[in-house]
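Novice: Input entry_33.pdb, format and content: PDB, C-alpha atoms.
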ATOM      1  CA  MET A   1     -41.093  14.613   6.328
ATOM      2  CA  LYS A   2     -41.870  11.869   3.796
ATOM      3  CA  LYS A   3     -45.182  11.010   5.437
ATOM      4  CA  ILE A   4     -47.221  12.459   8.298
ATOM      5  CA  SER A   5     -50.166  10.659   9.850
ATOM      6  CA  ILE A   6     -52.889  12.568  11.682
ATOM      7  CA  ILE A   7     -54.726  10.399  14.188
ATOM      8  CA  GLY A   8     -58.201  11.813  14.530
ATOM      9  CA  ALA A   9     -60.420  13.426  11.889
ATOM     10  CA  GLY A  10     -62.121  15.931  14.158
ATOM     11  CA  SER A  11     -62.170  19.615  13.328
ATOM     12  CA  PHE A  12     -58.562  20.445  14.198
ATOM     13  CA  GLY A  13     -57.084  17.242  12.805
ATOM     14  CA  THR A  14     -58.892  17.958   9.542
ATOM     15  CA  ALA A  15     -57.729  21.574   9.553
ATOM     16  CA  LEU A  16     -54.088  20.577  10.060
ATOM     17  CA  ALA A  17     -54.361  18.166   7.150
ATOM     18  CA  VAL A  18     -55.409  21.123   4.995
ATOM     19  CA  VAL A  19     -52.402  23.153   6.209
ATOM     20  CA  LEU A  20     -49.965  20.336   5.464
ATOM     21  CA  LYS A  21     -51.473  19.583   2.074
ATOM     22  CA  ASP A  22     -51.127  23.263   1.213
ATOM     23  CA  LYS A  23     -47.366  22.659   1.703
ATOM     24  CA  ASP A  24     -47.612  19.595  -0.557
ATOM     25  CA  VAL A  25     -46.768  17.269   2.344
ATOM     26  CA  ASP A  26     -47.741  13.591   2.109
ATOM     27  CA  VAL A  27     -50.349  13.381   4.873
ATOM     28  CA  SER A  28     -53.036  10.836   5.696
ATOM     29  CA  ILE A  29     -55.760  11.061   8.295
ATOM     30  CA  TRP A  30     -57.203   8.305  10.491
ATOM     31  CA  ALA A  31     -60.818   8.351  11.640
ATOM     32  CA  ARG A  32     -62.600   5.995  13.978
ATOM     33  CA  GLU A  33     -65.886   6.373  12.100
ATOM     34  CA  LYS A  34     -66.155   4.625   8.724
ATOM     35  CA  GLU A  35     -68.609   7.225   7.447
ATOM     36  CA  VAL A  36     -66.032   9.967   8.020
ATOM     37  CA  VAL A  37     -63.381   7.998   6.101
ATOM     38  CA  ASP A  38     -65.793   7.358   3.236
ATOM     39  CA  GLY A  39     -66.903  10.987   3.171
ATOM     40  CA  ILE A  40     -63.342  12.324   2.922
ATOM     41  CA  ASN A  41     -62.276   9.781   0.300
ATOM     42  CA  GLU A  42     -65.404   9.839  -1.847
ATOM     43  CA  SER A  43     -66.762  13.373  -1.643
ATOM     44  CA  GLY A  44     -63.775  15.449  -0.516
ATOM     45  CA  TYR A  45     -65.663  16.671   2.552
ATOM     46  CA  ASN A  46     -65.611  15.608   6.196
ATOM     47  CA  PRO A  47     -69.295  14.764   6.860
ATOM     48  CA  SER A  48     -69.053  15.379  10.617
ATOM     49  CA  TYR A  49     -66.577  18.244  11.153
ATOM     50  CA  LEU A  50     -65.899  21.406   9.141
ATOM     51  CA  THR A  51     -68.560  20.094   6.807
ATOM     52  CA  ASP A  52     -68.507  23.126   4.494
ATOM     53  CA  ILE A  53     -64.744  23.018   3.861
ATOM     54  CA  GLU A  54     -63.669  21.421   0.586
ATOM     55  CA  LEU A  55     -60.651  19.252   1.366
ATOM     56  CA  PRO A  56     -57.583  18.821  -0.860
ATOM     57  CA  LYS A  57     -58.345  16.277  -3.577
ATOM     58  CA  ASN A  58     -55.337  14.079  -2.771
ATOM     59  CA  LEU A  59     -56.039  13.864   0.987
ATOM     60  CA  ARG A  60     -56.712  10.248   1.902
ATOM     61  CA  ALA A  61     -58.377   8.936   5.035
ATOM     62  CA  THR A  62     -58.216   5.468   6.540
ATOM     63  CA  HIS A  63     -60.017   3.443   9.181
ATOM     64  CA  SER A  64     -56.915   1.299   9.781
ATOM     65  CA  LEU A  65     -54.420   2.445  12.398
ATOM     66  CA  LYS A  66     -51.785   0.168  10.863
ATOM     67  CA  GLU A  67     -52.230   1.730   7.442
ATOM     68  CA  ALA A  68     -52.144   5.214   8.951
ATOM     69  CA  VAL A  69     -48.962   4.649  10.950
ATOM     70  CA  ASP A  70     -47.080   2.550   8.381
ATOM     71  CA  HIS A  71     -43.985   4.442   7.110
ATOM     72  CA  ALA A  72     -45.033   7.653   8.885
ATOM     73  CA  GLU A  73     -42.143   9.776  10.135
ATOM     74  CA  MET A  74     -44.409  11.993  12.240
ATOM     75  CA  ILE A  75     -47.600  10.973  14.025
ATOM     76  CA  VAL A  76     -49.937  13.770  15.135
ATOM     77  CA  PHE A  77     -52.441  12.817  17.836
ATOM     78  CA  ALA A  78     -55.574  14.882  17.167
ATOM     79  CA  THR A  79     -57.851  12.944  19.510
ATOM     80  CA  PRO A  80     -59.528  14.541  22.556
ATOM     81  CA  SER A  81     -57.366  14.343  25.673
ATOM     82  CA  HIS A  82     -59.688  11.834  27.381
ATOM     83  CA  ALA A  83     -59.289   9.395  24.447
ATOM     84  CA  LEU A  84     -55.547   9.897  24.006
ATOM     85  CA  ARG A  85     -54.396   7.085  26.315
ATOM     86  CA  GLU A  86     -56.597   4.489  24.619
ATOM     87  CA  VAL A  87     -55.631   5.430  21.058
ATOM     88  CA  ALA A  88     -51.921   5.767  21.870
ATOM     89  CA  GLY A  89     -52.008   2.308  23.455
ATOM     90  CA  LYS A  90     -53.366   0.830  20.216
ATOM     91  CA  ILE A  91     -50.699   2.580  18.145
ATOM     92  CA  LYS A  92     -47.752   1.656  20.378
ATOM     93  CA  PRO A  93     -47.149  -1.845  18.928
ATOM     94  CA  LEU A  94     -47.261  -0.379  15.408
ATOM     95  CA  LEU A  95     -44.400   2.062  15.957
ATOM     96  CA  GLY A  96     -40.947   1.616  14.492
ATOM     97  CA  GLY A  97     -39.183   3.598  17.215
ATOM     98  CA  LYS A  98     -37.976   6.598  15.195
ATOM     99  CA  GLU A  99     -41.233   8.533  14.735
ATOM    100  CA  ILE A 100     -41.738  12.107  15.944
ATOM    101  CA  ILE A 101     -44.871  12.143  18.126
ATOM    102  CA  VAL A 102     -46.970  15.322  18.342
ATOM    103  CA  SER A 103     -50.041  16.060  20.475
ATOM    104  CA  ILE A 104     -52.519  18.819  19.678
ATOM    105  CA  ALA A 105     -54.901  17.905  22.528
ATOM    106  CA  LYS A 106     -55.698  20.424  25.272
ATOM    107  CA  GLY A 107     -56.693  19.018  28.645
ATOM    108  CA  ILE A 108     -55.694  17.318  31.883
ATOM    109  CA  GLU A 109     -56.449  13.612  32.269
ATOM    110  CA  LYS A 110     -58.848  12.694  35.047
ATOM    111  CA  ASN A 111     -57.325  10.882  38.053
ATOM    112  CA  THR A 112     -53.734  10.770  36.700
ATOM    113  CA  LEU A 113     -53.792  14.575  36.245
ATOM    114  CA  MET A 114     -51.349  14.204  33.346
ATOM    115  CA  THR A 115     -51.035  16.593  30.424
ATOM    116  CA  PRO A 116     -51.320  15.140  26.891
ATOM    117  CA  SER A 117     -47.550  14.947  26.379
ATOM    118  CA  GLN A 118     -47.159  13.230  29.758
ATOM    119  CA  ILE A 119     -49.811  10.687  28.751
ATOM    120  CA  LEU A 120     -47.847   9.945  25.575
ATOM    121  CA  VAL A 121     -44.577   9.599  27.491
ATOM    122  CA  ASP A 122     -46.295   7.193  29.876
ATOM    123  CA  VAL A 123     -48.084   5.077  27.267
ATOM    124  CA  LEU A 124     -45.354   4.985  24.617
ATOM    125  CA  ASP A 125     -42.546   4.146  27.035
ATOM    126  CA  GLU A 126     -40.044   1.719  25.426
ATOM    127  CA  ALA A 127     -41.581   2.346  21.976
ATOM    128  CA  VAL A 128     -40.199   5.877  21.504
ATOM    129  CA  LEU A 129     -37.966   8.115  23.590
ATOM    130  CA  GLU A 130     -39.365  10.994  25.629
ATOM    131  CA  ASP A 131     -37.216  13.305  23.493
ATOM    132  CA  GLN A 132     -39.281  12.323  20.424
ATOM    133  CA  ILE A 133     -42.516  13.751  21.884
ATOM    134  CA  GLY A 134     -43.813  17.291  21.542
ATOM    135  CA  VAL A 135     -46.919  19.458  21.231
ATOM    136  CA  LEU A 136     -48.387  22.013  18.848
ATOM    137  CA  THR A 137     -50.740  24.435  20.568
ATOM    138  CA  GLY A 138     -51.992  27.999  20.695
ATOM    139  CA  PRO A 139     -54.912  30.260  19.695
ATOM    140  CA  SER A 140     -56.107  28.368  16.630
ATOM    141  CA  HIS A 141     -59.767  27.694  15.942
ATOM    142  CA  ALA A 142     -60.008  24.956  13.327
ATOM    143  CA  GLU A 143     -62.657  26.830  11.357
ATOM    144  CA  GLU A 144     -60.125  29.565  10.542
ATOM    145  CA  VAL A 145     -57.076  27.308  10.192
ATOM    146  CA  ALA A 146     -58.865  25.239   7.538
ATOM    147  CA  LEU A 147     -59.596  28.413   5.560
ATOM    148  CA  LEU A 148     -55.878  29.275   5.759
ATOM    149  CA  LYS A 149     -56.572  32.448   7.709
ATOM    150  CA  PRO A 150     -53.451  33.823   9.473
ATOM    151  CA  THR A 151     -52.813  31.788  12.634
ATOM    152  CA  THR A 152     -49.900  31.729  15.064
ATOM    153  CA  VAL A 153     -49.125  28.837  17.413
ATOM    154  CA  VAL A 154     -46.283  27.330  19.438
ATOM    155  CA  SER A 155     -44.284  24.128  19.206
ATOM    156  CA  ALA A 156     -42.772  22.710  22.384
ATOM    157  CA  ALA A 157     -41.122  19.389  23.123
ATOM    158  CA  TYR A 158     -38.943  17.504  25.558
ATOM    159  CA  SER A 159     -36.007  18.257  23.253
ATOM    160  CA  LYS A 160     -35.280  21.452  21.358
ATOM    161  CA  ARG A 161     -34.444  19.428  18.250
ATOM    162  CA  VAL A 162     -37.936  17.939  18.079
ATOM    163  CA  ALA A 163     -39.592  21.290  18.828
ATOM    164  CA  ARG A 164     -37.691  22.721  15.868
ATOM    165  CA  ILE A 165     -38.706  19.809  13.611
ATOM    166  CA  ILE A 166     -42.362  20.426  14.518
ATOM    167  CA  GLN A 167     -41.913  24.129  13.812
ATOM    168  CA  GLU A 168     -40.336  23.515  10.392
ATOM    169  CA  THR A 169     -42.939  20.897   9.477
ATOM    170  CA  PHE A 170     -46.005  23.067  10.071
ATOM    171  CA  MET A 171     -44.699  26.562   9.311
ATOM    172  CA  THR A 172     -46.337  28.291   6.334
ATOM    173  CA  SER A 173     -47.043  31.851   5.269
ATOM    174  CA  ARG A 174     -50.485  31.455   6.882
ATOM    175  CA  PHE A 175     -49.590  29.232   9.846
ATOM    176  CA  ARG A 176     -46.724  30.698  11.854
ATOM    177  CA  VAL A 177     -45.075  28.527  14.516
ATOM    178  CA  TYR A 178     -42.914  29.838  17.366
ATOM    179  CA  LEU A 179     -40.580  27.708  19.480
ATOM    180  CA  ASN A 180     -41.123  27.422  23.227
ATOM    181  CA  ASN A 181     -39.006  25.315  25.591
ATOM    182  CA  ASP A 182     -41.642  25.234  28.361
ATOM    183  CA  ILE A 183     -43.768  22.218  27.440
ATOM    184  CA  ILE A 184     -45.553  22.014  30.804
ATOM    185  CA  GLY A 185     -46.390  25.725  30.700
ATOM    186  CA  VAL A 186     -47.898  25.671  27.206
ATOM    187  CA  GLU A 187     -49.989  22.608  28.094
ATOM    188  CA  ILE A 188     -51.296  24.182  31.308
ATOM    189  CA  GLY A 189     -52.296  27.280  29.374
ATOM    190  CA  GLY A 190     -54.027  25.201  26.707
ATOM    191  CA  ALA A 191     -55.971  23.226  29.289
ATOM    192  CA  LEU A 192     -57.051  25.982  31.676
ATOM    193  CA  LYS A 193     -58.154  28.433  28.992
ATOM    194  CA  ASN A 194     -60.994  26.023  28.182
ATOM    195  CA  ILE A 195     -62.255  26.217  31.766
ATOM    196  CA  MET A 196     -62.107  30.007  31.627
ATOM    197  CA  ALA A 197     -63.959  29.982  28.297
ATOM    198  CA  ILE A 198     -66.855  28.143  29.949
ATOM    199  CA  ALA A 199     -66.883  30.798  32.667
ATOM    200  CA  ALA A 200     -66.745  33.564  30.045
ATOM    201  CA  GLY A 201     -69.641  31.969  28.206
ATOM    202  CA  ILE A 202     -71.677  31.926  31.406
ATOM    203  CA  VAL A 203     -70.971  35.634  31.838
ATOM    204  CA  ASP A 204     -72.166  36.325  28.284
ATOM    205  CA  GLY A 205     -75.182  34.034  28.473
ATOM    206  CA  ALA A 206     -76.338  35.555  31.753
ATOM    207  CA  GLU A 207     -75.639  39.090  30.436
ATOM    208  CA  LEU A 208     -73.359  39.965  33.325
ATOM    209  CA  GLY A 209     -71.425  42.522  31.285
ATOM    210  CA  ASP A 210     -67.997  43.316  29.882
ATOM    211  CA  ASN A 211     -66.565  44.346  33.250
ATOM    212  CA  ALA A 212     -67.226  40.881  34.648
ATOM    213  CA  LYS A 213     -65.752  39.186  31.593
ATOM    214  CA  ALA A 214     -62.569  41.260  31.695
ATOM    215  CA  ALA A 215     -62.105  40.477  35.378
ATOM    216  CA  LEU A 216     -62.750  36.792  34.797
ATOM    217  CA  MET A 217     -60.183  36.525  32.001
ATOM    218  CA  THR A 218     -57.570  38.399  34.017
ATOM    219  CA  ARG A 219     -58.107  36.338  37.155
ATOM    220  CA  GLY A 220     -58.268  33.199  35.007
ATOM    221  CA  LEU A 221     -54.771  33.994  33.785
ATOM    222  CA  HIS A 222     -53.797  34.293  37.440
ATOM    223  CA  GLU A 223     -55.033  30.726  38.056
ATOM    224  CA  MET A 224     -52.948  29.474  35.129
ATOM    225  CA  LYS A 225     -49.901  31.058  36.742
ATOM    226  CA  ARG A 226     -50.669  29.530  40.141
ATOM    227  CA  MET A 227     -50.859  26.035  38.686
ATOM    228  CA  GLY A 228     -47.821  26.665  36.510
ATOM    229  CA  ALA A 229     -45.728  27.897  39.433
ATOM    230  CA  VAL A 230     -46.300  24.655  41.329
ATOM    231  CA  LEU A 231     -45.490  22.516  38.278
ATOM    232  CA  GLY A 232     -42.321  24.387  37.345
ATOM    233  CA  ALA A 233     -43.569  26.346  34.327
ATOM    234  CA  SER A 234     -42.098  29.657  33.236
ATOM    235  CA  MET A 235     -44.323  32.599  34.131
ATOM    236  CA  ASP A 236     -43.424  34.252  30.814
ATOM    237  CA  THR A 237     -45.271  31.462  28.996
ATOM    238  CA  PHE A 238     -48.615  32.690  30.296
ATOM    239  CA  SER A 239     -48.087  36.120  28.742
ATOM    240  CA  GLY A 240     -47.641  34.454  25.364
ATOM    241  CA  LEU A 241     -49.675  32.675  22.720
ATOM    242  CA  THR A 242     -50.572  29.627  24.807
ATOM    243  CA  GLY A 243     -51.547  31.710  27.829
ATOM    244  CA  MET A 244     -53.103  35.091  27.162
ATOM    245  CA  GLY A 245     -53.394  34.484  23.414
ATOM    246  CA  ASP A 246     -55.370  31.265  23.742
ATOM    247  CA  LEU A 247     -57.391  32.736  26.603
ATOM    248  CA  ILE A 248     -58.508  35.716  24.503
ATOM    249  CA  VAL A 249     -59.601  33.738  21.461
ATOM    250  CA  THR A 250     -61.373  30.981  23.389
ATOM    251  CA  CYS A 251     -63.235  33.334  25.716
ATOM    252  CA  THR A 252     -64.451  35.623  22.932
ATOM    253  CA  SER A 253     -64.850  33.641  19.711
ATOM    254  CA  LYS A 254     -68.078  32.386  18.188
ATOM    255  CA  HIS A 255     -66.140  29.236  17.224
ATOM    256  CA  SER A 256     -65.347  28.289  20.846
ATOM    257  CA  ARG A 257     -67.171  25.122  21.906
ATOM    258  CA  ASN A 258     -66.301  25.757  25.539
ATOM    259  CA  ARG A 259     -67.691  29.282  25.437
ATOM    260  CA  PHE A 260     -70.832  27.855  23.801
ATOM    261  CA  VAL A 261     -71.289  25.428  26.705
ATOM    262  CA  GLY A 262     -70.957  28.267  29.202
ATOM    263  CA  TYR A 263     -73.228  30.562  27.214
ATOM    264  CA  SER A 264     -75.939  27.898  27.154
ATOM    265  CA  ILE A 265     -75.611  27.361  30.904
ATOM    266  CA  GLY A 266     -75.804  31.121  31.461
ATOM    267  CA  GLN A 267     -79.117  31.063  29.586
ATOM    268  CA  GLY A 268     -80.485  28.386  31.900
ATOM    269  CA  LYS A 269     -79.759  25.104  30.088
ATOM    270  CA  LYS A 270     -78.386  22.000  31.834
ATOM    271  CA  LEU A 271     -75.080  20.361  30.937
ATOM    272  CA  ASP A 272     -76.594  17.046  29.804
ATOM    273  CA  GLU A 273     -78.980  18.888  27.503
ATOM    274  CA  ILE A 274     -76.131  20.915  26.002
ATOM    275  CA  LYS A 275     -73.847  17.907  25.451
ATOM    276  CA  ALA A 276     -76.664  15.971  23.779
ATOM    277  CA  GLY A 277     -76.899  18.679  21.135
ATOM    278  CA  MET A 278     -73.147  18.807  20.356
ATOM    279  CA  ASN A 279     -71.183  16.506  18.063
ATOM    280  CA  MET A 280     -67.837  17.949  19.150
ATOM    281  CA  VAL A 281     -66.037  17.716  22.470
ATOM    282  CA  ALA A 282     -65.787  20.725  24.787
ATOM    283  CA  GLU A 283     -62.534  19.835  26.562
ATOM    284  CA  GLY A 284     -63.112  22.316  29.367
ATOM    285  CA  VAL A 285     -65.905  20.215  30.893
ATOM    286  CA  LYS A 286     -63.667  17.271  31.769
ATOM    287  CA  THR A 287     -60.694  19.527  32.439
ATOM    288  CA  ALA A 288     -62.633  21.492  35.078
ATOM    289  CA  GLU A 289     -63.117  18.258  37.005
ATOM    290  CA  SER A 290     -59.438  17.290  36.707
ATOM    291  CA  VAL A 291     -58.019  20.699  37.602
ATOM    292  CA  CYS A 292     -60.391  21.097  40.541
ATOM    293  CA  GLN A 293     -59.111  17.746  41.822
ATOM    294  CA  TRP A 294     -55.525  18.916  41.297
ATOM    295  CA  SER A 295     -56.078  22.207  43.145
ATOM    296  CA  GLN A 296     -57.601  20.424  46.138
ATOM    297  CA  GLU A 297     -54.832  17.831  46.304
ATOM    298  CA  ASN A 298     -52.128  20.495  46.088
ATOM    299  CA  GLY A 299     -53.774  23.134  48.277
ATOM    300  CA  VAL A 300     -53.756  25.724  45.484
ATOM    301  CA  GLU A 301     -56.612  28.225  45.538
ATOM    302  CA  MET A 302     -58.347  28.347  42.127
ATOM    303  CA  PRO A 303     -61.761  29.921  42.756
ATOM    304  CA  ILE A 304     -62.895  30.319  39.128
ATOM    305  CA  THR A 305     -62.043  26.709  38.325
ATOM    306  CA  GLU A 306     -63.878  25.568  41.431
ATOM    307  CA  ALA A 307     -66.897  27.707  40.522
ATOM    308  CA  VAL A 308     -67.082  26.240  37.008
ATOM    309  CA  TYR A 309     -66.781  22.724  38.442
ATOM    310  CA  LYS A 310     -69.633  23.338  40.882
ATOM    311  CA  VAL A 311     -71.879  24.770  38.172
ATOM    312  CA  LEU A 312     -71.156  21.859  35.819
ATOM    313  CA  PHE A 313     -71.160  18.927  38.225
ATOM    314  CA  LYS A 314     -72.937  20.058  41.400
ATOM    315  CA  ASN A 315     -75.811  21.920  39.704
ATOM    316  CA  ILE A 316     -75.069  25.105  41.633
ATOM    317  CA  PRO A 317     -76.890  27.993  39.886
ATOM    318  CA  PRO A 318     -74.490  30.362  38.087
ATOM    319  CA  ALA A 319     -75.957  33.369  39.915
ATOM    320  CA  GLN A 320     -75.082  31.771  43.251
ATOM    321  CA  MET A 321     -71.486  31.097  42.150
ATOM    322  CA  VAL A 322     -71.104  34.686  40.940
ATOM    323  CA  GLU A 323     -72.281  35.886  44.349
ATOM    324  CA  GLU A 324     -69.778  33.605  46.086
ATOM    325  CA  LEU A 325     -66.902  34.794  43.884
ATOM    326  CA  MET A 326     -67.757  38.461  44.386
ATOM    327  CA  THR A 327     -68.109  38.202  48.177
ATOM    328  CA  ARG A 328     -64.883  36.311  48.922
ATOM    329  CA  ASN A 329     -62.604  37.841  51.545
ATOM    330  CA  PRO A 330     -60.822  41.047  50.431
ATOM    331  CA  LYS A 331     -57.345  40.370  48.978
ATOM    332  CA  GLU A 332     -54.355  42.060  47.416
ATOM    333  CA  GLU A 333     -53.903  41.677  43.680
ATOM    334  CA  LYS A 334     -50.800  39.518  43.366
ATOM    335  CA  MET A 335     -49.365  38.301  40.076
ATOM    336  CA  ILE A 336     -48.905  34.717  41.342
TER
END
Translate this file's structure into structure tokens.

Specialist:
Amino acid sequence: MKKISIIGAGSFGTALAVVLKDKDVDVSIWAREKEVVDGINESGYNPSYLTDIELPKNLRATHSLKEAVDHAEMIVFATPSHALREVAGKIKPLLGGKEIIVSIAKGIEKNTLMTPSQILVDVLDEAVLEDQIGVLTGPSHAEEVALLKPTTVVSAAYSKRVARIIQETFMTSRFRVYLNNDIIGVEIGGALKNIMAIAAGIVDGAELGDNAKAALMTRGLHEMKRMGAVLGASMDTFSGLTGMGDLIVTCTSKHSRNRFVGYSIGQGKKLDEIKAGMNMVAEGVKTAESVCQWSQENGVEMPITEAVYKVLFKNIPPAQMVEELMTRNPKEEKMI
């Protein structure tokens, strides 16, 4: 790749820029906020995200989408899933038609219930082909990626050729990329693990114990499979990096923003209070609303997702939701 443009200078977009620069790739990064652009260009630090990470000296940031996209062979969308449609719409008229498009967002769009790659297919129609769109996802906290700690993720796309290009572009001795041909499955895993991380945080914050957390993660994986089965995903995907792998790291790590939200709720704080104190997006909050809507519309039972939604948006006390989950009708343990 002669030039790669990362759209979004949040924590993971910044971390990926570090990975690519470590490979001596020509990469630029676009930020909406002028102070972030100035900070990266003038001080070599992102003033808002990963603030203690010294960035490569030749990494350049821009506030201009046109400048960012111009001559780029690959465009990486590192914006939150709820902002993806808007930003992609602004970039569409700037495209030349041959770019590889990559999403690293994890979520389900409200109302449309589209995954990030589906949003890009929808918005960029007639500008690029569906086969030019893919995703990079997996258990990868930005804080560790930026420090070049060993990380393993997955590339998936609507064509195997593009998935392989993404793999080859990002693969390093510290950032290992596997191919996966199940793009819907890896995106479902990436979205739902954030919901489960909020639930896991609630368990930790309320000191409900390791038994409860283990059960929650296991049954959360079950909900991923239920959604995936309806949408045509491969069940094997959920045993891999973007299913169980992402679920483990997001439910247990100190770096997880979604777990932090749940932990704070488990300690008695309200969602508005928690969000006011965060400068980064916890994707699981919006995703819980979207996936709960999806489960109701499709008649798919997803009790943990529904419980998280009720705690977040209906102000149901966590203790009450735990009681409701534990006293549901007796069932067999089925894998789907």

Novice: Work out how far apart atom CA of A:Val25 and atom CA of A:Val69 are and give it in Å to one decimal.

Specialist: 15.4 Å

Novice: List the residues selected by the PyMOL selection byres ((chain A and resi 325-334) around 9) in the file shown, writing them as a VMD selection string.

Specialist: chain A and resid 222 303 to 304 307 320 to 324 335 to 336

Novice: I'd like the neighbourhood of A:Met280 as a PyMOL selection string, where a residue qualifies if any of its atoms comes within 10 Å (using all atoms listed in the file), though same-chain residues fewer than 3 positions away should be ignored.

Specialist: chain A and resi 10-11+48-49+80+257+275+277+283

Novice: Can you list what the PyMOL selection byres ((chain A and resi 228-235) around 9) grabs from this structure, as a tab-separated table (two decimals) with C-alpha atoms, in the frame of the given file?

Specialist:
chain	number	residue	atom	x	y	z
A	182	ASP	CA	-41.64	25.23	28.36
A	183	ILE	CA	-43.77	22.22	27.44
A	184	ILE	CA	-45.55	22.01	30.80
A	185	GLY	CA	-46.39	25.72	30.70
A	186	VAL	CA	-47.90	25.67	27.21
A	188	ILE	CA	-51.30	24.18	31.31
A	189	GLY	CA	-52.30	27.28	29.37
A	223	GLU	CA	-55.03	30.73	38.06
A	224	MET	CA	-52.95	29.47	35.13
A	225	LYS	CA	-49.90	31.06	36.74
A	226	ARG	CA	-50.67	29.53	40.14
A	227	MET	CA	-50.86	26.04	38.69
A	236	ASP	CA	-43.42	34.25	30.81
A	237	THR	CA	-45.27	31.46	29.00
A	238	PHE	CA	-48.62	32.69	30.30
A	239	SER	CA	-48.09	36.12	28.74
A	298	ASN	CA	-52.13	20.50	46.09
A	300	VAL	CA	-53.76	25.72	45.48
A	336	ILE	CA	-48.90	34.72	41.34

Novice: I'd like the interatomic distance between atom CA of A:Ile75 and atom CA of A:Glu99, to a tenth of an Å.

Specialist: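 Computed distance, atom CA of A:Ile75 to atom CA of A:Glu99, equals 6.9 Å.
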
Novice: I need the output of the PyMOL selection byres ((chain A and resi 200) around 8) for this file as a list in words; which residues are they?

Specialist: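 Expected selection for the PyMOL selection byres ((chain A and resi 200) around 8) here is Met196, Ala197, Ile198, Ala199, Gly201, Ile202, Val203, Asp204, Lys213, Leu216, Met217, Cys251, Thr252, Arg259, Gly262 and Tyr263 of chain A.
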
Novice: For stretch 112-120 of chain A, work out the shell of residues within 10 Å, counting all atoms listed in the file and skipping chain neighbours fewer than 5 positions away, then give it as a CSV table (one decimal) with C-alpha atoms, in the frame of the given file.

Specialist:
chain,number,residue,atom,x,y,z
A,77,PHE,CA,-52.4,12.8,17.8
A,80,PRO,CA,-59.5,14.5,22.6
A,81,SER,CA,-57.4,14.3,25.7
A,82,HIS,CA,-59.7,11.8,27.4
A,84,LEU,CA,-55.5,9.9,24.0
A,85,ARG,CA,-54.4,7.1,26.3
A,88,ALA,CA,-51.9,5.8,21.9
A,89,GLY,CA,-52.0,2.3,23.5
A,92,LYS,CA,-47.8,1.7,20.4
A,101,ILE,CA,-44.9,12.1,18.1
A,102,VAL,CA,-47.0,15.3,18.3
A,103,SER,CA,-50.0,16.1,20.5
A,104,ILE,CA,-52.5,18.8,19.7
A,105,ALA,CA,-54.9,17.9,22.5
A,106,LYS,CA,-55.7,20.4,25.3
A,107,GLY,CA,-56.7,19.0,28.6
A,125,ASP,CA,-42.5,4.1,27.0
A,128,VAL,CA,-40.2,5.9,21.5
A,130,GLU,CA,-39.4,11.0,25.6
A,133,ILE,CA,-42.5,13.8,21.9
A,134,GLY,CA,-43.8,17.3,21.5
A,135,VAL,CA,-46.9,19.5,21.2
A,156,ALA,CA,-42.8,22.7,22.4
A,157,ALA,CA,-41.1,19.4,23.1
A,158,TYR,CA,-38.9,17.5,25.6
A,183,ILE,CA,-43.8,22.2,27.4
A,184,ILE,CA,-45.6,22.0,30.8
A,187,GLU,CA,-50.0,22.6,28.1
A,188,ILE,CA,-51.3,24.2,31.3
A,190,GLY,CA,-54.0,25.2,26.7
A,191,ALA,CA,-56.0,23.2,29.3
A,287,THR,CA,-60.7,19.5,32.4
A,290,SER,CA,-59.4,17.3,36.7
A,291,VAL,CA,-58.0,20.7,37.6
A,293,GLN,CA,-59.1,17.7,41.8
A,294,TRP,CA,-55.5,18.9,41.3

Novice: What does the distance between atom CA of A:Ile195 and atom CA of A:Ala288 come to in Å, to one decimal place?

Specialist: 5.8 Å

Novice: With only C-alpha atoms as the basis for distance, which of A:Ser159, A:Asp26, A:Gly240, A:Gly96 is at the shortest distance from A:Lys66?

Specialist: A:Gly96

Novice: Let me make sure I understand: among A:Ala15, A:Ala127, A:Ala78, A:Met171, which one has the smallest atom-to-atom distance to A:Ala31 if we use all atoms listed in the file?

Specialist: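 The answer is A:Ala78, which sits nearest to A:Ala31.
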